[in-house]
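Dropping upload.pdb in here (PDB, C-alpha atoms, pLDDT in the B column):
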```
MODEL        1
ATOM      1  CA  ILE B   1     -14.131 -16.255  11.979  1.00 45.00           C
ATOM      2  CA  PRO B   2     -14.750 -19.280   9.773  1.00 47.00           C
ATOM      3  CA  TYR B   3     -11.638 -20.002   7.801  1.00 52.00           C
ATOM      4  CA  ASP B   4     -10.014 -22.658   5.632  1.00 59.00           C
ATOM      5  CA  ARG B   5      -9.070 -25.564   7.945  1.00 62.00           C
ATOM      6  CA  ASP B   6      -6.100 -26.589   5.803  1.00 66.00           C
ATOM      7  CA  VAL B   7      -4.636 -23.094   6.017  1.00 64.00           C
ATOM      8  CA  ILE B   8      -5.023 -23.093   9.802  1.00 61.00           C
ATOM      9  CA  LYS B   9      -3.342 -26.506  10.083  1.00 66.00           C
ATOM     10  CA  ILE B  10      -0.416 -25.307   7.958  1.00 65.00           C
ATOM     11  CA  TRP B  11      -0.166 -22.153  10.046  1.00 61.00           C
ATOM     12  CA  PHE B  12      -0.090 -24.124  13.305  1.00 63.00           C
ATOM     13  CA  GLU B  13       2.495 -26.565  11.941  1.00 65.00           C
ATOM     14  CA  GLN B  14       4.804 -23.694  11.004  1.00 62.00           C
ATOM     15  CA  TYR B  15       4.110 -21.160  13.743  1.00 60.00           C
ATOM     16  CA  ALA B  16       2.748 -23.077  16.735  1.00 61.00           C
ATOM     17  CA  PRO B  17       4.099 -21.853  20.089  1.00 59.00           C
ATOM     18  CA  ASP B  18       7.287 -23.505  21.280  1.00 61.00           C
ATOM     19  CA  PRO B  19       6.488 -25.764  24.303  1.00 59.00           C
ATOM     20  CA  SER B  20       9.815 -24.808  25.893  1.00 61.00           C
ATOM     21  CA  GLN B  21       8.808 -21.133  25.977  1.00 58.00           C
ATOM     22  CA  GLU B  22       6.886 -19.450  28.762  1.00 54.00           C
ATOM     23  CA  GLY B  23       3.253 -18.901  27.831  1.00 52.00           C
ATOM     24  CA  TYR B  24       2.874 -22.150  25.850  1.00 50.00           C
ATOM     25  CA  TYR B  25      -0.696 -23.469  25.944  1.00 47.00           C
ATOM     26  CA  PRO B  26      -0.938 -27.173  25.073  1.00 48.00           C
ATOM     27  CA  GLY B  27      -4.063 -28.754  23.647  1.00 48.00           C
ATOM     28  CA  GLU B  28      -7.294 -26.995  24.413  1.00 44.00           C
ATOM     29  CA  ALA B  29      -6.032 -24.981  27.384  1.00 42.00           C
ATOM     30  CA  ASP B  30      -6.702 -21.274  27.459  1.00 42.00           C
ATOM     31  CA  PRO B  31      -6.350 -19.697  24.903  1.00 45.00           C
ATOM     32  CA  PRO B  32      -8.050 -22.355  22.767  1.00 44.00           C
ATOM     33  CA  VAL B  33      -6.075 -23.680  19.826  1.00 48.00           C
ATOM     34  CA  ALA B  34      -8.302 -26.593  18.862  1.00 50.00           C
ATOM     35  CA  LEU B  35      -8.495 -26.839  15.083  1.00 49.00           C
ATOM     36  CA  GLU B  36     -12.172 -27.748  15.132  1.00 52.00           C
ATOM     37  CA  ASP B  37     -13.002 -24.271  16.455  1.00 54.00           C
ATOM     38  CA  PHE B  38     -12.233 -21.208  14.398  1.00 53.00           C
ATOM     39  CA  TYR B  39     -10.523 -18.059  15.549  1.00 54.00           C
ATOM     40  CA  GLU B  40      -9.154 -14.989  13.871  1.00 59.00           C
ATOM     41  CA  TYR B  41      -5.402 -14.650  14.348  1.00 59.00           C
ATOM     42  CA  ILE B  42      -3.533 -11.428  13.795  1.00 63.00           C
ATOM     43  CA  VAL B  43       0.092 -12.137  12.998  1.00 61.00           C
ATOM     44  CA  ASP B  44       2.910  -9.616  12.793  1.00 59.00           C
ATOM     45  CA  THR B  45       5.376 -10.287  10.011  1.00 57.00           C
ATOM     46  CA  ILE B  46       8.690  -8.794   9.131  1.00 53.00           C
ATOM     47  CA  GLY B  47       8.300  -6.320   6.295  1.00 56.00           C
ATOM     48  CA  PRO B  48       8.096  -4.369   4.198  1.00 57.00           C
ATOM     49  CA  VAL B  49       6.133  -6.194   1.539  1.00 56.00           C
ATOM     50  CA  ASP B  50       7.799  -6.178  -1.845  1.00 58.00           C
ATOM     51  CA  PRO B  51       5.734  -3.821  -4.036  1.00 55.00           C
ATOM     52  CA  GLU B  52       5.951  -6.440  -6.810  1.00 58.00           C
ATOM     53  CA  GLU B  53       3.574  -8.583  -4.711  1.00 57.00           C
ATOM     54  CA  LEU B  54       0.950  -5.858  -4.305  1.00 68.00           C
ATOM     55  CA  GLU B  55      -1.777  -4.906  -6.740  1.00 81.00           C
ATOM     56  CA  LEU B  56      -0.831  -1.313  -7.445  1.00 85.00           C
ATOM     57  CA  PHE B  57      -2.597   1.312  -9.544  1.00 87.00           C
ATOM     58  CA  ASN B  58      -0.163   2.921 -11.989  1.00 86.00           C
ATOM     59  CA  GLY B  59      -1.996   6.227 -12.419  1.00 87.00           C
ATOM     60  CA  GLY B  60      -2.487   5.622 -16.143  1.00 78.00           C
ATOM     61  CA  GLY B  61      -1.869   7.930 -19.043  1.00 74.00           C
ATOM     62  CA  GLN B  62       1.727   7.460 -20.135  1.00 66.00           C
ATOM     63  CA  LYS B  63       2.977   5.556 -23.137  1.00 68.00           C
ATOM     64  CA  PRO B  64       4.965   3.407 -23.304  1.00 65.00           C
ATOM     65  CA  ASP B  65       3.585   1.500 -20.317  1.00 73.00           C
ATOM     66  CA  ASP B  66       6.988   1.170 -18.584  1.00 81.00           C
ATOM     67  CA  VAL B  67       6.866   4.904 -17.780  1.00 88.00           C
ATOM     68  CA  ASN B  68       3.707   4.267 -15.714  1.00 86.00           C
ATOM     69  CA  LEU B  69       5.857   2.187 -13.345  1.00 88.00           C
ATOM     70  CA  PHE B  70       7.720   5.256 -12.040  1.00 94.00           C
ATOM     71  CA  LEU B  71       4.789   6.091  -9.718  1.00 94.00           C
ATOM     72  CA  ARG B  72       2.311   3.471  -8.493  1.00 93.00           C
ATOM     73  CA  TYR B  73      -0.302   3.595  -5.759  1.00 93.00           C
ATOM     74  CA  LEU B  74      -1.841   1.249  -3.242  1.00 91.00           C
ATOM     75  CA  GLU B  75      -4.177   4.145  -2.339  1.00 93.00           C
ATOM     76  CA  PRO B  76      -5.886   5.693  -4.169  1.00 95.00           C
ATOM     77  CA  LYS B  77      -6.805   2.833  -6.474  1.00 92.00           C
ATOM     78  CA  ASP B  78      -8.234   4.919  -9.327  1.00 94.00           C
ATOM     79  CA  THR B  79      -7.929   8.334 -10.977  1.00 94.00           C
ATOM     80  CA  GLN B  80     -11.117   9.414  -9.189  1.00 95.00           C
ATOM     81  CA  THR B  81     -12.147   8.295  -5.718  1.00 96.00           C
ATOM     82  CA  GLU B  82     -15.372   9.252  -3.932  1.00 96.00           C
ATOM     83  CA  LEU B  83     -15.201   9.504  -0.149  1.00 96.00           C
ATOM     84  CA  PRO B  84     -17.980   9.822   2.434  1.00 95.00           C
ATOM     85  CA  ALA B  85     -19.103  13.240   3.657  1.00 95.00           C
ATOM     86  CA  GLY B  86     -17.009  14.450   6.572  1.00 94.00           C
ATOM     87  CA  THR B  87     -13.807  12.747   5.436  1.00 95.00           C
ATOM     88  CA  ASP B  88     -11.003  15.165   6.219  1.00 95.00           C
ATOM     89  CA  LYS B  89      -7.937  12.900   5.949  1.00 95.00           C
ATOM     90  CA  PHE B  90      -6.740  10.398   3.360  1.00 96.00           C
ATOM     91  CA  ASP B  91      -3.775   8.047   3.426  1.00 94.00           C
ATOM     92  CA  VAL B  92      -1.774   8.050   0.197  1.00 95.00           C
ATOM     93  CA  PHE B  93       0.399   4.975  -0.362  1.00 93.00           C
ATOM     94  CA  ILE B  94       2.842   5.637  -3.193  1.00 94.00           C
ATOM     95  CA  TYR B  95       5.609   3.400  -4.543  1.00 93.00           C
ATOM     96  CA  TYR B  96       8.517   4.655  -6.591  1.00 93.00           C
ATOM     97  CA  GLY B  97       9.961   2.786  -9.556  1.00 92.00           C
ATOM     98  CA  LYS B  98      13.431   1.305  -9.729  1.00 92.00           C
ATOM     99  CA  THR B  99      14.615   3.775 -12.373  1.00 94.00           C
ATOM    100  CA  ILE B 100      13.269   7.071 -11.008  1.00 96.00           C
ATOM    101  CA  ILE B 101      15.314  10.246 -10.622  1.00 97.00           C
ATOM    102  CA  PRO B 102      14.252  11.239  -7.066  1.00 96.00           C
ATOM    103  CA  GLU B 103      15.218  14.920  -7.270  1.00 97.00           C
ATOM    104  CA  THR B 104      12.669  15.465 -10.093  1.00 98.00           C
ATOM    105  CA  PHE B 105       9.693  14.499  -7.875  1.00 98.00           C
ATOM    106  CA  LYS B 106       6.831  17.007  -7.610  1.00 98.00           C
ATOM    107  CA  ALA B 107       3.616  16.776  -5.593  1.00 98.00           C
ATOM    108  CA  THR B 108       0.698  19.181  -5.209  1.00 98.00           C
ATOM    109  CA  LEU B 109      -2.676  19.044  -3.503  1.00 98.00           C
ATOM    110  CA  ASN B 110      -5.157  21.595  -4.860  1.00 97.00           C
ATOM    111  CA  ASP B 111      -2.235  23.499  -6.445  1.00 97.00           C
ATOM    112  CA  GLN B 112      -0.382  23.704  -3.101  1.00 97.00           C
ATOM    113  CA  ASP B 113       3.119  22.204  -3.006  1.00 98.00           C
ATOM    114  CA  ILE B 114       3.221  19.142  -0.705  1.00 97.00           C
ATOM    115  CA  LYS B 115       6.483  17.690  -2.002  1.00 96.00           C
ATOM    116  CA  SER B 116       8.092  17.971   1.458  1.00 96.00           C
ATOM    117  CA  LEU B 117       5.687  15.332   2.815  1.00 95.00           C
ATOM    118  CA  PHE B 118       7.198  12.715   0.506  1.00 95.00           C
ATOM    119  CA  HIS B 119      10.616  11.086   0.393  1.00 94.00           C
ATOM    120  CA  PRO B 120      11.110   9.462  -3.017  1.00 95.00           C
ATOM    121  CA  VAL B 121      13.670   6.669  -2.927  1.00 93.00           C
ATOM    122  CA  ILE B 122      14.487   4.355  -5.817  1.00 93.00           C
ATOM    123  CA  GLY B 123      12.359   1.226  -5.365  1.00 90.00           C
ATOM    124  CA  GLY B 124      10.895   2.561  -2.089  1.00 89.00           C
ATOM    125  CA  GLY B 125       7.565   3.887  -0.978  1.00 89.00           C
ATOM    126  CA  ASP B 126       5.786   6.488   1.144  1.00 91.00           C
ATOM    127  CA  TRP B 127       2.708   6.547   3.311  1.00 91.00           C
ATOM    128  CA  VAL B 128       1.443  10.092   3.750  1.00 93.00           C
ATOM    129  CA  ARG B 129      -1.745  11.304   5.429  1.00 94.00           C
ATOM    130  CA  ILE B 130      -3.111  14.358   3.646  1.00 96.00           C
ATOM    131  CA  SER B 131      -5.822  16.789   4.731  1.00 96.00           C
ATOM    132  CA  LEU B 132      -8.875  17.104   2.515  1.00 97.00           C
ATOM    133  CA  LYS B 133     -11.555  19.731   2.067  1.00 96.00           C
ATOM    134  CA  SER B 134     -15.182  19.065   1.254  1.00 96.00           C
ATOM    135  CA  GLY B 135     -15.752  18.639  -2.472  1.00 97.00           C
ATOM    136  CA  ARG B 136     -13.055  18.101  -5.082  1.00 97.00           C
ATOM    137  CA  ASN B 137      -9.401  17.567  -4.075  1.00 98.00           C
ATOM    138  CA  VAL B 138      -6.802  17.227  -6.831  1.00 97.00           C
ATOM    139  CA  LEU B 139      -3.503  15.445  -6.203  1.00 97.00           C
ATOM    140  CA  GLU B 140      -0.836  15.792  -8.876  1.00 97.00           C
ATOM    141  CA  PHE B 141       2.404  13.833  -8.884  1.00 97.00           C
ATOM    142  CA  SER B 142       5.258  13.957 -11.346  1.00 96.00           C
ATOM    143  CA  ILE B 143       8.665  12.287 -11.559  1.00 96.00           C
ATOM    144  CA  ASP B 144      11.284  11.581 -14.199  1.00 96.00           C
ATOM    145  CA  GLY B 145      12.913   8.225 -14.676  1.00 95.00           C
ATOM    146  CA  LYS B 146      14.664   6.109 -17.253  1.00 94.00           C
ATOM    147  CA  ASN B 147      12.495   3.968 -19.474  1.00 91.00           C
ATOM    148  CA  GLN B 148      13.469   0.549 -20.851  1.00 89.00           C
ATOM    149  CA  ARG B 149      15.410   2.188 -23.693  1.00 90.00           C
ATOM    150  CA  GLY B 150      17.496   4.181 -21.193  1.00 91.00           C
ATOM    151  CA  GLN B 151      15.898   7.493 -22.121  1.00 93.00           C
ATOM    152  CA  VAL B 152      14.567   9.958 -19.542  1.00 94.00           C
ATOM    153  CA  ALA B 153      10.773  10.101 -19.508  1.00 93.00           C
ATOM    154  CA  ASN B 154       8.150  11.668 -17.231  1.00 94.00           C
ATOM    155  CA  ASP B 155       5.346   9.971 -15.308  1.00 95.00           C
ATOM    156  CA  LYS B 156       2.638  12.473 -14.377  1.00 95.00           C
ATOM    157  CA  ASP B 157      -0.519  11.461 -12.525  1.00 95.00           C
ATOM    158  CA  ARG B 158      -3.617  13.464 -11.629  1.00 96.00           C
ATOM    159  CA  LEU B 159      -5.720  11.844  -8.929  1.00 96.00           C
ATOM    160  CA  VAL B 160      -9.045  13.296  -7.795  1.00 97.00           C
ATOM    161  CA  LEU B 161     -10.505  12.681  -4.334  1.00 97.00           C
ATOM    162  CA  ILE B 162     -14.122  13.819  -3.974  1.00 97.00           C
ATOM    163  CA  VAL B 163     -15.492  14.296  -0.468  1.00 97.00           C
ATOM    164  CA  LYS B 164     -19.297  14.220  -0.802  1.00 92.00           C
TER     165      LYS B 164
ENDMDL
END
```
Target format structure tokens, applied to this file:
Amino acid sequence: IPYDRDVIKIWFEQYAPDPSQEGYYPGEADPPVALEDFYEYIVDTIGPVDPEELELFNGGGQKPDDVNLFLRYLEPKDTQTELPAGTDKFDVFIYYGKTIIPETFKATLNDQDIKSLFHPVIGGGDWVRISLKSGRNVLEFSIDGKNQRGQVANDKDRLVLIVK
């Protein structure tokens, strides 16, 4: 896949195979590593990624804004998400704020309690695959936490997933 040559050069300078290790391929031997040709590389990294580095959706609605940081989402990315017909599963990626009170967490899907699927941890996150029905699916999340003034506040989000 065409890619930025400078990025590839930096990558090879930092992560090129060690010639003392078995499986090292010098020069243009198989597999090709010539910088004039372009290849897609899939690289495993040690994680997890710090949620601060991700673009997360805060669910909206609460004032002051710091309360919206109790629950943030990588997926879904908006209060209403349209999905293709036939979609029966959806991956929810949720991140919990650094001042949440985990035992106050609530989660429902179409008014059914799904709290047990989640494991709220201060500053942590969850990836949960939920089952969807055709039409409108309503996810509701709620959690208490301490705002910047040290007072307990509630972050409540209502997220709608519409399967066409």
Evaluate the PyMOL selection byres ((chain B and resi 136) around 8) and report residues as a PyMOL selection string
chain B and resi 133-135+137-138+160-163
Here is a test: counting only C-alpha atoms, which residue of B:Pro120, B:Gly125, B:Pro102, B:Gly86 is nearest to Tyr73 of chain B?
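Closest to Tyr73 of chain B of all the choices is B:Gly125.
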So, counting only C-alpha atoms, which residue among B:Asp66, B:Asp126, B:Asp144, B:Asp157 is closest to Thr79 of chain B?
B:Asp157
So the first atom is atom CA of Ser116 of chain B and the second is atom CA of Phe70 of chain B; what is the distance between them in Å, to one decimal place?
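Atom CA of Ser116 of chain B sits 18.5 Å away from atom CA of Phe70 of chain B.
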Enter the distance from atom CA of Glu103 of chain B to atom CA of Gly59 of chain B, in Å, rounded to one decimal.
20.0 Å
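Note that the spacing between atom CA of Leu159 of chain B and atom CA of Leu83 of chain B amounts to 13.1 Å.
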When you count only C-alpha atoms, which of these residues is closest to Arg129 of chain B: B:Phe141, B:Phe57, B:Phe105, B:Phe93?
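For Arg129 of chain B, the nearest of the given residues is B:Phe93.
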Name the residues in contact with Gly124 of chain B at a cut-off of 8 Å, using only C-alpha atoms, excluding same-chain residues fewer than 5 positions from it; report them as a compact mmCIF listing (two decimals) with C-alpha atoms, in the coordinates of the input.
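Below is the file that was written, selection.txt:
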```
# COMPACT_ATOMS: atom_id res chain seq x y z
CA TYR B 95 5.61 3.40 -4.54
CA TYR B 96 8.52 4.66 -6.59
CA GLY B 97 9.96 2.79 -9.56
```
Could you pull out every residue with an atom within 7 Å of (17.1, 7.2, -16.3), file coordinates, counting all atoms listed in the file, and send them as an mmCIF file with C-alpha atoms, keeping the file's coordinate frame?
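File written: out16.cif
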```cif
data_model
loop_
_atom_site.group_PDB
_atom_site.id
_atom_site.type_symbol
_atom_site.label_atom_id
_atom_site.label_comp_id
_atom_site.auth_asym_id
_atom_site.auth_seq_id
_atom_site.Cartn_x
_atom_site.Cartn_y
_atom_site.Cartn_z
ATOM 1 C CA THR B 99 14.615 3.775 -12.373
ATOM 2 C CA ILE B 100 13.269 7.071 -11.008
ATOM 3 C CA ILE B 101 15.314 10.246 -10.622
ATOM 4 C CA GLY B 145 12.913 8.225 -14.676
ATOM 5 C CA LYS B 146 14.664 6.109 -17.253
ATOM 6 C CA ASN B 147 12.495 3.968 -19.474
ATOM 7 C CA GLY B 150 17.496 4.181 -21.193
ATOM 8 C CA GLN B 151 15.898 7.493 -22.121
ATOM 9 C CA VAL B 152 14.567 9.958 -19.542
#
```
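Closest to Lys164 of chain B among B:Thr87, B:Gln112, B:Gln80, B:Thr104 is B:Thr87, based on all atoms listed in the file.
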